[in-house]
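Peer 1: Structure file data10.csv (CSV, C-alpha atoms) is given on the next line.
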```csv
chain,number,residue,atom,x,y,z
A,1,MET,CA,74.4,-59.6,-43.5
A,2,THR,CA,71.8,-57.0,-42.7
A,3,LEU,CA,70.4,-55.3,-39.6
A,4,MET,CA,66.6,-54.7,-39.8
A,5,ILE,CA,65.2,-51.8,-37.8
A,6,LEU,CA,61.5,-51.9,-37.2
A,7,HIS,CA,60.3,-48.3,-36.8
A,8,THR,CA,57.3,-46.1,-36.1
A,9,ARG,CA,57.9,-42.7,-37.5
A,10,ASN,CA,59.5,-40.6,-34.7
A,11,ALA,CA,61.9,-37.8,-35.5
A,12,SER,CA,63.5,-37.9,-32.0
A,13,ARG,CA,65.1,-41.2,-33.0
A,14,ARG,CA,67.4,-39.8,-35.7
A,15,LYS,CA,70.5,-40.3,-33.6
A,16,HIS,CA,69.4,-43.8,-32.8
A,17,LEU,CA,69.2,-44.8,-36.5
A,18,ALA,CA,72.5,-43.0,-37.3
A,19,LYS,CA,74.4,-44.8,-34.5
A,20,ALA,CA,72.8,-48.2,-35.3
A,21,ALA,CA,73.8,-47.9,-38.9
A,22,GLU,CA,77.3,-46.8,-38.0
A,23,THR,CA,77.7,-49.7,-35.7
A,24,ALA,CA,76.3,-52.2,-38.2
A,25,HIS,CA,78.6,-50.9,-40.9
A,26,ALA,CA,81.7,-51.2,-38.6
A,27,LEU,CA,80.7,-54.9,-38.2
A,28,GLY,CA,80.3,-55.4,-41.9
A,29,HIS,CA,76.5,-55.3,-42.0
A,30,ARG,CA,74.0,-53.2,-43.9
A,31,ALA,CA,71.3,-51.3,-42.0
A,32,ILE,CA,67.7,-51.1,-43.2
A,33,VAL,CA,64.5,-49.5,-41.8
A,34,VAL,CA,61.0,-50.8,-42.1
A,35,VAL,CA,58.4,-48.1,-41.5
A,36,GLU,CA,54.9,-47.4,-42.6
A,37,GLU,CA,55.4,-43.9,-44.1
A,38,PRO,CA,59.0,-43.4,-45.0
A,39,SER,CA,60.2,-39.8,-44.9
A,40,TRP,CA,63.6,-38.8,-43.5
A,41,GLU,CA,64.9,-42.3,-42.5
A,42,LEU,CA,66.9,-43.0,-45.8
A,43,GLU,CA,69.3,-40.2,-44.8
A,44,TYR,CA,70.7,-42.5,-42.1
A,45,VAL,CA,70.5,-46.1,-43.4
A,46,ASP,CA,71.2,-48.1,-46.5
A,47,ALA,CA,67.6,-48.8,-47.5
A,48,VAL,CA,64.1,-48.0,-46.3
A,49,TYR,CA,61.1,-50.3,-46.9
A,50,SER,CA,57.4,-49.5,-46.5
A,51,ALA,CA,55.2,-51.8,-44.5
A,52,PRO,CA,51.8,-51.6,-42.8
A,53,THR,CA,53.4,-51.6,-39.3
A,54,GLY,CA,50.0,-51.1,-37.6
A,55,ASN,CA,49.1,-54.7,-38.4
A,56,LEU,CA,51.3,-57.4,-36.9
A,57,GLU,CA,50.5,-60.2,-39.3
A,58,ALA,CA,51.0,-57.9,-42.3
A,59,THR,CA,54.2,-56.6,-40.9
A,60,VAL,CA,55.6,-60.1,-40.5
A,61,ALA,CA,54.6,-61.0,-44.0
A,62,ARG,CA,56.1,-57.9,-45.5
A,63,CYS,CA,59.4,-58.4,-43.5
A,64,LEU,CA,59.7,-61.9,-44.8
A,65,GLU,CA,59.3,-60.6,-48.3
A,66,ILE,CA,62.0,-58.0,-47.6
A,67,ALA,CA,64.3,-60.7,-46.3
A,68,LYS,CA,64.0,-62.4,-49.6
A,69,GLU,CA,64.5,-59.2,-51.5
A,70,GLU,CA,67.6,-58.2,-49.6
A,71,SER,CA,71.0,-59.2,-51.1
A,72,GLU,CA,72.3,-60.2,-47.7
A,73,PRO,CA,70.5,-62.3,-45.0
A,74,ILE,CA,68.8,-60.5,-42.1
A,75,SER,CA,71.1,-61.1,-39.2
A,76,GLY,CA,69.4,-59.0,-36.5
A,77,VAL,CA,66.2,-57.2,-35.6
A,78,ILE,CA,65.9,-54.1,-33.4
A,79,ALA,CA,63.4,-51.4,-32.5
A,80,PHE,CA,63.8,-48.0,-30.8
A,81,VAL,CA,60.2,-46.9,-30.5
A,82,GLU,CA,57.8,-48.7,-28.1
A,83,HIS,CA,55.1,-49.0,-30.7
A,84,SER,CA,57.5,-51.1,-32.8
A,85,VAL,CA,58.5,-53.5,-30.1
A,86,PRO,CA,55.7,-56.1,-30.7
A,87,ALA,CA,56.4,-56.0,-34.4
A,88,ALA,CA,60.1,-56.5,-33.9
A,89,ALA,CA,59.5,-59.4,-31.6
A,90,ALA,CA,57.1,-61.1,-34.1
A,91,VAL,CA,59.5,-60.5,-37.0
A,92,ALA,CA,62.5,-61.9,-35.1
A,93,GLU,CA,60.5,-64.9,-34.1
A,94,ALA,CA,59.5,-65.6,-37.7
A,95,LEU,CA,63.1,-65.2,-38.9
A,96,GLY,CA,64.5,-67.3,-36.0
A,97,LEU,CA,66.6,-64.3,-34.6
A,98,PRO,CA,67.2,-63.4,-30.9
A,99,TYR,CA,64.8,-60.9,-29.3
A,100,ILE,CA,62.3,-60.9,-26.5
A,101,SER,CA,59.3,-63.2,-27.0
A,102,SER,CA,56.1,-61.9,-28.6
A,103,GLU,CA,54.3,-62.6,-25.3
A,104,THR,CA,56.8,-60.4,-23.4
A,105,ALA,CA,56.7,-57.7,-26.1
A,106,THR,CA,52.9,-57.5,-25.7
A,107,LYS,CA,53.0,-57.5,-21.9
A,108,SER,CA,55.5,-54.6,-22.1
A,109,ARG,CA,52.9,-52.5,-24.0
A,110,ASP,CA,49.6,-53.8,-22.6
A,111,LYS,CA,49.4,-51.8,-19.3
A,112,LEU,CA,46.8,-54.1,-17.7
A,113,SER,CA,48.8,-57.3,-18.4
A,114,MET,CA,51.9,-55.4,-17.2
A,115,ARG,CA,50.2,-54.5,-13.9
A,116,GLU,CA,49.2,-58.2,-13.4
A,117,ALA,CA,52.8,-59.2,-14.2
A,118,PHE,CA,54.1,-56.8,-11.6
A,119,SER,CA,51.7,-58.2,-9.0
A,120,SER,CA,53.0,-61.7,-9.7
A,121,VAL,CA,56.5,-60.7,-8.5
A,122,GLY,CA,55.5,-58.5,-5.6
A,123,VAL,CA,56.6,-55.1,-6.9
A,124,SER,CA,55.1,-52.1,-5.1
A,125,GLN,CA,52.6,-50.4,-7.5
A,126,PRO,CA,49.4,-48.3,-7.4
A,127,ARG,CA,46.0,-49.9,-7.0
A,128,PHE,CA,44.4,-50.4,-10.5
A,129,ALA,CA,41.3,-51.6,-12.3
A,130,LEU,CA,39.9,-51.8,-15.9
A,131,ALA,CA,36.8,-49.8,-16.6
A,132,THR,CA,34.7,-49.9,-19.8
A,133,SER,CA,32.0,-47.5,-18.6
A,134,VAL,CA,31.5,-44.6,-16.2
A,135,GLU,CA,29.5,-46.9,-13.9
A,136,GLU,CA,32.3,-49.4,-13.8
A,137,ALA,CA,34.8,-46.6,-13.2
A,138,GLN,CA,32.9,-45.2,-10.3
A,139,LYS,CA,32.5,-48.6,-8.7
A,140,ALA,CA,36.3,-49.2,-9.1
A,141,ALA,CA,37.0,-45.8,-7.6
A,142,GLU,CA,35.5,-46.9,-4.4
A,143,THR,CA,38.4,-49.3,-4.0
A,144,ILE,CA,41.1,-47.3,-5.7
A,145,GLU,CA,40.0,-44.1,-4.0
A,146,TYR,CA,40.4,-40.5,-5.2
A,147,PRO,CA,42.4,-38.9,-6.7
A,148,LEU,CA,43.0,-41.4,-9.5
A,149,VAL,CA,44.5,-41.5,-13.0
A,150,MET,CA,42.8,-42.6,-16.2
A,151,LYS,CA,45.1,-43.9,-18.9
A,152,PRO,CA,45.1,-45.9,-22.2
A,153,ILE,CA,45.9,-49.6,-22.2
A,154,ILE,CA,48.4,-49.2,-25.1
A,155,GLY,CA,49.2,-45.5,-24.8
A,156,GLY,CA,52.5,-43.8,-24.8
A,157,GLY,CA,54.0,-40.4,-24.0
A,158,SER,CA,51.3,-39.5,-21.4
A,159,MET,CA,48.8,-39.0,-24.3
A,160,PHE,CA,45.2,-39.2,-23.0
A,161,VAL,CA,46.3,-39.6,-19.4
A,162,ARG,CA,44.3,-37.6,-16.9
A,163,ARG,CA,44.0,-37.2,-13.1
A,164,VAL,CA,40.5,-36.8,-11.6
A,165,ASP,CA,39.8,-35.9,-8.0
A,166,THR,CA,36.1,-36.5,-7.6
A,167,PRO,CA,33.2,-38.6,-8.9
A,168,GLU,CA,31.9,-35.6,-10.7
A,169,GLU,CA,35.3,-35.1,-12.5
A,170,LEU,CA,35.4,-38.8,-13.4
A,171,ALA,CA,31.9,-38.7,-14.9
A,172,GLU,CA,32.8,-35.5,-16.8
A,173,HIS,CA,36.0,-36.8,-18.4
A,174,PHE,CA,35.7,-40.5,-18.6
A,175,GLU,CA,34.2,-40.8,-22.1
A,176,GLU,CA,36.6,-38.3,-23.6
A,177,ILE,CA,39.6,-40.2,-22.3
A,178,ARG,CA,38.1,-43.6,-23.1
A,179,LYS,CA,37.5,-42.6,-26.7
A,180,GLY,CA,40.8,-40.9,-27.2
A,181,ALA,CA,42.6,-43.9,-25.6
A,182,TRP,CA,41.7,-46.0,-28.6
A,183,ALA,CA,41.1,-43.6,-31.4
A,184,GLY,CA,44.4,-41.9,-30.7
A,185,PHE,CA,46.4,-45.1,-31.2
A,186,ASP,CA,44.6,-46.7,-34.1
A,187,TYR,CA,48.0,-47.0,-35.9
A,188,ASP,CA,49.4,-49.2,-33.1
A,189,PRO,CA,50.0,-53.0,-33.8
A,190,LEU,CA,48.3,-53.8,-30.5
A,191,PHE,CA,45.1,-51.9,-31.5
A,192,PHE,CA,43.4,-55.2,-31.7
A,193,LEU,CA,43.3,-55.2,-27.9
A,194,LYS,CA,40.5,-52.7,-28.2
A,195,SER,CA,37.9,-55.5,-28.6
A,196,ARG,CA,39.6,-57.7,-26.0
A,197,TYR,CA,39.2,-55.0,-23.4
A,198,SER,CA,35.8,-53.8,-24.7
A,199,GLU,CA,37.3,-50.4,-25.3
A,200,GLY,CA,38.1,-50.0,-21.7
A,201,ILE,CA,40.8,-47.9,-20.0
A,202,LEU,CA,43.0,-48.4,-17.0
A,203,LEU,CA,42.3,-46.6,-13.7
A,204,GLU,CA,45.1,-46.2,-11.2
A,205,GLU,CA,45.6,-44.8,-7.8
A,206,PHE,CA,47.3,-41.4,-8.0
A,207,LEU,CA,50.5,-41.5,-5.9
A,208,VAL,CA,52.0,-38.4,-4.3
A,209,GLY,CA,55.7,-38.1,-5.0
A,210,ASN,CA,58.3,-37.3,-7.7
A,211,GLU,CA,58.8,-39.4,-10.8
A,212,ILE,CA,62.0,-41.0,-11.9
A,213,SER,CA,63.0,-43.1,-15.0
A,214,VAL,CA,65.4,-46.0,-14.9
A,215,GLU,CA,67.5,-47.1,-18.0
A,216,SER,CA,68.7,-50.7,-17.8
A,217,TYR,CA,70.4,-53.3,-19.8
A,218,VAL,CA,69.4,-57.0,-19.4
A,219,GLN,CA,71.7,-59.8,-20.5
A,220,ASN,CA,71.1,-63.5,-19.8
A,221,GLY,CA,68.4,-62.5,-17.4
A,222,GLU,CA,70.7,-60.3,-15.3
A,223,THR,CA,69.8,-56.6,-14.9
A,224,VAL,CA,72.3,-53.7,-15.0
A,225,VAL,CA,70.9,-50.3,-14.1
A,226,VAL,CA,72.8,-47.9,-16.3
A,227,ALA,CA,71.3,-44.6,-15.3
A,228,VAL,CA,68.5,-43.1,-13.3
A,229,HIS,CA,66.9,-39.8,-14.3
A,230,ASP,CA,64.9,-37.6,-11.9
A,231,LYS,CA,62.0,-35.5,-13.2
A,232,PRO,CA,62.4,-32.4,-11.0
A,233,THR,CA,59.2,-30.6,-12.3
A,234,PRO,CA,56.2,-31.7,-10.2
A,235,MET,CA,53.8,-33.9,-12.2
A,236,ASP,CA,50.6,-33.6,-10.3
A,237,GLY,CA,48.1,-33.4,-13.2
A,238,PRO,CA,45.5,-33.0,-14.4
A,239,PHE,CA,47.8,-34.0,-17.4
A,240,PHE,CA,51.3,-35.5,-17.2
A,241,GLU,CA,53.4,-34.2,-20.0
A,242,GLU,CA,57.1,-34.9,-19.4
A,243,THR,CA,59.1,-31.7,-19.7
A,244,PHE,CA,62.4,-32.1,-17.8
A,245,TYR,CA,64.8,-34.9,-16.9
A,246,ALA,CA,68.1,-34.7,-14.9
A,247,THR,CA,70.7,-37.3,-14.1
A,248,PRO,CA,72.4,-38.6,-12.0
A,249,THR,CA,69.6,-39.1,-9.6
A,250,VAL,CA,69.6,-37.5,-6.1
A,251,LEU,CA,68.2,-40.7,-4.7
A,252,THR,CA,70.5,-42.7,-2.4
A,253,GLY,CA,70.6,-45.5,0.1
A,254,GLU,CA,67.6,-47.9,0.6
A,255,THR,CA,65.4,-46.1,-1.9
A,256,LEU,CA,67.9,-46.4,-4.7
A,257,GLU,CA,68.5,-50.1,-3.8
A,258,LYS,CA,64.7,-50.8,-3.9
A,259,VAL,CA,64.5,-49.1,-7.3
A,260,LYS,CA,67.2,-51.5,-8.6
A,261,LYS,CA,65.6,-54.5,-7.0
A,262,TYR,CA,62.1,-53.7,-8.3
A,263,THR,CA,63.4,-53.1,-11.8
A,264,ALA,CA,65.0,-56.5,-11.9
A,265,LEU,CA,61.8,-58.1,-10.5
A,266,ALA,CA,59.8,-56.2,-13.2
A,267,HIS,CA,61.9,-57.7,-15.9
A,268,GLN,CA,61.4,-61.1,-14.3
A,269,GLY,CA,57.6,-60.7,-14.2
A,270,LEU,CA,57.5,-59.5,-17.8
A,271,GLY,CA,59.9,-62.2,-19.1
A,272,ILE,CA,62.5,-59.7,-20.3
A,273,THR,CA,65.8,-61.6,-20.4
A,274,GLN,CA,67.7,-59.4,-22.9
A,275,GLY,CA,67.9,-55.9,-24.3
A,276,ALA,CA,67.3,-52.4,-22.9
A,277,THR,CA,64.4,-51.3,-20.7
A,278,HIS,CA,62.9,-48.0,-19.7
A,279,THR,CA,61.1,-48.1,-16.3
A,280,GLU,CA,59.2,-45.4,-14.6
A,281,TYR,CA,58.4,-44.9,-10.9
A,282,ARG,CA,56.8,-42.6,-8.5
A,283,VAL,CA,58.8,-42.2,-5.2
A,284,SER,CA,56.7,-41.4,-2.2
A,285,PRO,CA,57.8,-38.7,0.3
A,286,ALA,CA,58.8,-41.6,2.6
A,287,GLY,CA,61.1,-42.9,-0.1
A,288,GLU,CA,59.1,-45.9,-1.3
A,289,PRO,CA,59.3,-46.4,-5.1
A,290,TYR,CA,56.0,-47.5,-6.8
A,291,ILE,CA,56.5,-48.8,-10.3
A,292,LEU,CA,54.4,-47.2,-13.1
A,293,GLU,CA,55.5,-49.1,-16.1
A,294,THR,CA,58.4,-50.9,-17.9
A,295,GLY,CA,59.1,-50.6,-21.6
A,296,ALA,CA,61.2,-53.2,-23.4
A,297,ARG,CA,63.2,-50.6,-25.2
A,298,LEU,CA,65.5,-47.6,-24.7
A,299,GLY,CA,64.0,-44.4,-23.3
A,300,GLY,CA,62.8,-41.7,-25.7
A,301,GLY,CA,65.2,-39.8,-28.0
A,302,PRO,CA,66.9,-37.5,-25.6
A,303,VAL,CA,67.2,-40.2,-22.9
A,304,TYR,CA,69.7,-42.0,-25.1
A,305,GLN,CA,71.9,-38.9,-25.6
A,306,SER,CA,71.6,-38.0,-21.9
A,307,VAL,CA,72.8,-41.5,-20.8
A,308,LEU,CA,75.7,-41.3,-23.2
A,309,LEU,CA,76.8,-37.9,-22.0
A,310,SER,CA,76.4,-38.8,-18.4
A,311,THR,CA,77.9,-42.3,-18.3
A,312,GLY,CA,79.8,-42.7,-21.5
A,313,ILE,CA,77.8,-45.8,-22.3
A,314,ASP,CA,76.3,-45.8,-25.8
A,315,MET,CA,73.2,-48.0,-25.5
A,316,VAL,CA,72.4,-48.0,-29.2
A,317,GLU,CA,75.9,-49.3,-30.0
A,318,VAL,CA,75.4,-52.0,-27.3
A,319,LEU,CA,72.0,-53.1,-28.5
A,320,THR,CA,73.1,-53.1,-32.1
A,321,LYS,CA,76.1,-55.3,-31.4
A,322,VAL,CA,74.0,-57.7,-29.3
A,323,SER,CA,71.4,-58.0,-32.0
A,324,LEU,CA,74.1,-58.9,-34.4
A,325,GLY,CA,75.5,-61.6,-32.3
A,326,GLN,CA,78.2,-59.8,-30.4
A,327,THR,CA,78.8,-60.2,-26.7
A,328,VAL,CA,79.0,-56.8,-24.8
A,329,ASP,CA,79.7,-56.1,-21.2
A,330,VAL,CA,78.2,-53.0,-19.7
A,331,PHE,CA,80.2,-51.5,-16.8
A,332,VAL,CA,78.7,-48.6,-14.9
A,333,ASN,CA,80.9,-46.3,-12.9
A,334,SER,CA,78.3,-44.1,-11.1
A,335,GLU,CA,80.9,-42.1,-9.3
A,336,ASN,CA,82.1,-40.5,-12.5
A,337,ALA,CA,78.6,-39.7,-13.9
A,338,ARG,CA,78.3,-36.3,-15.4
A,339,HIS,CA,75.4,-34.0,-14.6
A,340,VAL,CA,73.1,-33.8,-17.6
A,341,GLY,CA,69.6,-32.5,-18.1
A,342,PHE,CA,67.2,-32.2,-21.0
A,343,SER,CA,64.0,-30.4,-21.6
A,344,LEU,CA,61.1,-31.4,-23.8
A,345,HIS,CA,59.2,-28.6,-25.5
A,346,PHE,CA,55.6,-28.1,-26.8
A,347,GLY,CA,53.9,-25.2,-28.5
A,348,GLU,CA,51.8,-23.0,-26.2
A,349,GLN,CA,48.7,-23.6,-28.3
A,350,PRO,CA,47.7,-25.8,-31.3
A,351,GLY,CA,48.0,-24.4,-34.7
A,352,GLU,CA,50.4,-24.1,-37.7
A,353,LEU,CA,54.0,-23.8,-36.7
A,354,ALA,CA,55.2,-20.4,-37.9
A,355,ALA,CA,58.7,-20.1,-36.3
A,356,VAL,CA,60.9,-21.5,-33.6
A,357,GLU,CA,62.8,-18.8,-31.7
A,358,GLY,CA,66.0,-19.2,-29.7
A,359,ILE,CA,67.7,-22.0,-31.5
A,360,ASP,CA,70.8,-19.9,-32.5
A,361,THR,CA,71.2,-18.6,-28.9
A,362,LEU,CA,71.1,-22.1,-27.5
A,363,GLU,CA,73.4,-23.6,-30.1
A,364,ALA,CA,76.0,-20.9,-29.2
A,365,ASP,CA,76.0,-22.0,-25.6
A,366,GLU,CA,78.8,-24.4,-24.9
A,367,THR,CA,76.8,-26.2,-22.1
A,368,VAL,CA,74.1,-27.1,-24.7
A,369,SER,CA,75.0,-30.3,-26.4
A,370,GLU,CA,72.0,-30.7,-28.6
A,371,VAL,CA,68.9,-28.7,-29.9
A,372,MET,CA,66.6,-30.9,-31.9
A,373,ILE,CA,63.3,-29.7,-33.4
A,374,TYR,CA,61.1,-32.5,-34.6
A,375,SER,CA,58.4,-30.4,-36.4
A,376,GLN,CA,58.9,-28.4,-39.6
A,377,ILE,CA,57.7,-24.9,-40.3
A,378,GLY,CA,54.2,-25.1,-41.6
A,379,ASP,CA,53.4,-28.4,-39.7
A,380,ALA,CA,50.2,-28.5,-37.8
A,381,ILE,CA,51.1,-29.0,-34.1
A,382,ASP,CA,48.9,-29.9,-31.1
A,383,VAL,CA,49.3,-29.8,-27.4
A,384,PRO,CA,49.0,-32.3,-24.5
A,385,PRO,CA,47.1,-34.5,-23.8
A,386,ARG,CA,46.3,-34.9,-27.5
A,387,VAL,CA,49.9,-35.5,-28.5
A,388,TRP,CA,52.4,-38.2,-27.3
A,389,GLN,CA,55.5,-36.5,-28.6
A,390,ALA,CA,57.0,-33.1,-27.9
A,391,HIS,CA,58.0,-30.8,-30.7
A,392,GLY,CA,61.6,-30.7,-29.8
A,393,HIS,CA,64.2,-31.1,-27.1
A,394,VAL,CA,67.3,-29.5,-25.7
A,395,ILE,CA,70.1,-31.4,-23.9
A,396,PHE,CA,72.6,-29.6,-21.6
A,397,THR,CA,75.3,-30.3,-19.1
A,398,GLY,CA,76.5,-28.8,-15.8
A,399,SER,CA,78.8,-29.2,-12.9
A,400,SER,CA,76.0,-29.9,-10.4
A,401,ARG,CA,72.3,-30.4,-10.1
A,402,ASP,CA,71.8,-26.7,-9.3
A,403,ASP,CA,73.5,-25.9,-12.6
A,404,ILE,CA,71.1,-28.2,-14.4
A,405,LEU,CA,68.1,-26.6,-12.8
A,406,GLU,CA,69.3,-23.1,-13.7
A,407,LYS,CA,70.1,-24.1,-17.3
A,408,GLN,CA,66.6,-25.6,-17.7
A,409,ARG,CA,65.1,-22.3,-16.5
A,410,GLN,CA,67.1,-20.4,-19.1
A,411,VAL,CA,66.3,-22.8,-21.9
A,412,ASN,CA,62.5,-22.5,-21.2
A,413,GLU,CA,62.9,-18.7,-21.4
A,414,VAL,CA,64.8,-18.8,-24.7
A,415,LEU,CA,63.1,-21.5,-26.8
A,416,ARG,CA,59.7,-20.5,-28.2
A,417,PHE,CA,57.3,-22.2,-30.7
A,418,GLN,CA,55.3,-19.6,-32.6
A,419,VAL,CA,52.0,-20.8,-34.1
A,420,ARG,CA,49.4,-19.2,-36.3
```
Spit out the file's structure as structure tokens when you get a sec.
Peer 2:
Amino acid sequence: MTLMILHTRNASRRKHLAKAAETAHALGHRAIVVVEEPSWELEYVDAVYSAPTGNLEATVARCLEIAKEESEPISGVIAFVEHSVPAAAAVAEALGLPYISSETATKSRDKLSMREAFSSVGVSQPRFALATSVEEAQKAAETIEYPLVMKPIIGGGSMFVRRVDTPEELAEHFEEIRKGAWAGFDYDPLFFLKSRYSEGILLEEFLVGNEISVESYVQNGETVVVAVHDKPTPMDGPFFEETFYATPTVLTGETLEKVKKYTALAHQGLGITQGATHTEYRVSPAGEPYILETGARLGGGPVYQSVLLSTGIDMVEVLTKVSLGQTVDVFVNSENARHVGFSLHFGEQPGELAAVEGIDTLEADETVSEVMIYSQIGDAIDVPPRVWQAHGHVIFTGSSRDDILEKQRQVNEVLRFQVR
């Protein structure tokens, strides 16, 4: 039997692939990856196949061919990158394997459909509208009100997301964001939505408050919140690159209960009845959580490791077992959660990566659990908002939130990306 992993090239998921393969092997299964441009993946799995993963129909056709080529039947399908979720759903559907439906997979990536799904279940969220031109955007802004946020329909990683505060700023930046919101994701299997939405983008009310992310597991329609990360660094724009997460959350009481309630409602609205989800909120100064989006997948690379270090729950192992037909109970003991933080790092300017300073110093620190650099020396690197993935991350532990804040400050001083 064989586990098929649908993947979009993303170096931060190395640990995901390694653990999925390890878990599959322990259950007597092979593990294979299907990705458009194979590079490092074969180091972690039994076989790697190339497929045009930017095209859903072509991906399904190729995966059916792979299923015939494989010596063992495909027994499960899984994805760890949001761009691969629709393809994984379509392939699982074609092979008759359990996964979320193709409709749900699309809703979890199509941010306008997602907003409409949230409205249907009464979750607090920002006001929003679709705009295909500056004129439409300025008309919508009269209802949404300034400041507002422009974002892609199928984007990820805060790429081509921008805050604007006035009609003049909206007019100045609208076309740049609109064009980037589609051209920047032409590899995406949902790129066909470009015509459906007439190359429009999403406008949303900018909400004052701090962001959090919620990692959950859904089984038989029941939601278990596994961990909540705070994002202590203010994210007020004009761009929204994510640079620092810390768990467990400082939220308590009614606010935390609303977060859990809204997360379960979001799953209901989207139709997510199984698997992992990554949900983001803004929490107002008054303690009201407003949902931003829900992804039908694990959080990004370091989120997985952070949850594991904090709670002891290995979500990749859980998801792999479930995809292979195992029943897994996820028990969360929040009182024993360990303080964990991670920082995401970008170069200070675009260019060719010449060196990364500070790695040895960080790896010698016993409170640093992982330093991972995604880019190679000589690679061309860019900066937000034109990139959706950082160039590396550092994960660290502490005895308190104050320890985590201090460690993040130290890491930022030590790790440096030199470009030429």
Peer 1: Please compute the atom CA of A:Val316-atom CA of A:Asp382 distance, one decimal, in Å.
Peer 2: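 Going from atom CA of A:Val316 over to atom CA of A:Asp382 covers 29.7 Å.
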Peer 1: Using all atoms listed in the file, which residue out of A:Thr247, A:Thr2, A:Gln418, A:Thr8 lies closest to A:Ala31?
Peer 2: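 Result for the nearest residue to A:Ala31: A:Thr2.
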Peer 1: Of the residues A:Leu202, A:Leu17, A:Ile377, A:Leu344, which is the one nearest to A:Lys111, using all atoms listed in the file?
Peer 2: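 Residue with the minimum atom-to-atom distance to A:Lys111: A:Leu202.
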Peer 1: Here is a test: counting only C-alpha atoms, which residue of A:Tyr281, A:Phe80, A:Tyr290, A:Phe331 is nearest to A:Ser213?
Peer 2: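 Going through A:Tyr281, A:Phe80, A:Tyr290, A:Phe331 one by one, the smallest distance to A:Ser213 is for A:Tyr281.
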Peer 1: Go ahead and compute the interatomic distance for atom CA of A:Val218 and atom CA of A:Lys260, in Å to one decimal.
Peer 2: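 Straight-line distance from atom CA of A:Val218 to atom CA of A:Lys260 works out to 12.3 Å.
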Peer 1: Could you please fill out stretch 50-61 of chain A with N, CA and C atoms and send it back as a PDB file, keeping the file's coordinate frame?
Peer 2:
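Dumped to selection.pdb:
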```pdb
ATOM      1  N   SER A  50      58.748 -49.788 -47.010  1.00  0.00           N
ATOM      2  CA  SER A  50      57.400 -49.500 -46.500  1.00  0.00           C
ATOM      3  C   SER A  50      56.708 -50.743 -46.068  1.00  0.00           C
ATOM      4  N   ALA A  51      56.018 -50.685 -44.928  1.00  0.00           N
ATOM      5  CA  ALA A  51      55.200 -51.800 -44.500  1.00  0.00           C
ATOM      6  C   ALA A  51      54.079 -51.323 -43.614  1.00  0.00           C
ATOM      7  N   PRO A  52      52.966 -52.042 -43.596  1.00  0.00           N
ATOM      8  CA  PRO A  52      51.800 -51.600 -42.800  1.00  0.00           C
ATOM      9  C   PRO A  52      52.031 -51.995 -41.320  1.00  0.00           C
ATOM     10  N   THR A  53      52.876 -51.218 -40.648  1.00  0.00           N
ATOM     11  CA  THR A  53      53.400 -51.600 -39.300  1.00  0.00           C
ATOM     12  C   THR A  53      52.280 -51.530 -38.232  1.00  0.00           C
ATOM     13  N   GLY A  54      51.095 -51.070 -38.568  1.00  0.00           N
ATOM     14  CA  GLY A  54      50.000 -51.100 -37.600  1.00  0.00           C
ATOM     15  C   GLY A  54      49.329 -52.457 -37.513  1.00  0.00           C
ATOM     16  N   ASN A  55      49.732 -53.394 -38.371  1.00  0.00           N
ATOM     17  CA  ASN A  55      49.100 -54.700 -38.400  1.00  0.00           C
ATOM     18  C   ASN A  55      50.263 -55.753 -38.248  1.00  0.00           C
ATOM     19  N   LEU A  56      50.227 -56.512 -37.152  1.00  0.00           N
ATOM     20  CA  LEU A  56      51.300 -57.400 -36.900  1.00  0.00           C
ATOM     21  C   LEU A  56      51.502 -58.483 -37.947  1.00  0.00           C
ATOM     22  N   GLU A  57      50.422 -59.137 -38.344  1.00  0.00           N
ATOM     23  CA  GLU A  57      50.500 -60.200 -39.300  1.00  0.00           C
ATOM     24  C   GLU A  57      51.042 -59.651 -40.669  1.00  0.00           C
ATOM     25  N   ALA A  58      50.518 -58.487 -41.066  1.00  0.00           N
ATOM     26  CA  ALA A  58      51.000 -57.900 -42.300  1.00  0.00           C
ATOM     27  C   ALA A  58      52.417 -57.458 -42.252  1.00  0.00           C
ATOM     28  N   THR A  59      52.836 -56.974 -41.081  1.00  0.00           N
ATOM     29  CA  THR A  59      54.200 -56.600 -40.900  1.00  0.00           C
ATOM     30  C   THR A  59      55.159 -57.765 -41.046  1.00  0.00           C
ATOM     31  N   VAL A  60      54.814 -58.848 -40.395  1.00  0.00           N
ATOM     32  CA  VAL A  60      55.600 -60.100 -40.500  1.00  0.00           C
ATOM     33  C   VAL A  60      55.721 -60.534 -41.924  1.00  0.00           C
ATOM     34  N   ALA A  61      54.572 -60.570 -42.606  1.00  0.00           N
ATOM     35  CA  ALA A  61      54.600 -61.000 -44.000  1.00  0.00           C
ATOM     36  C   ALA A  61      55.434 -60.134 -44.880  1.00  0.00           C
TER      37      ALA A  61
END
```
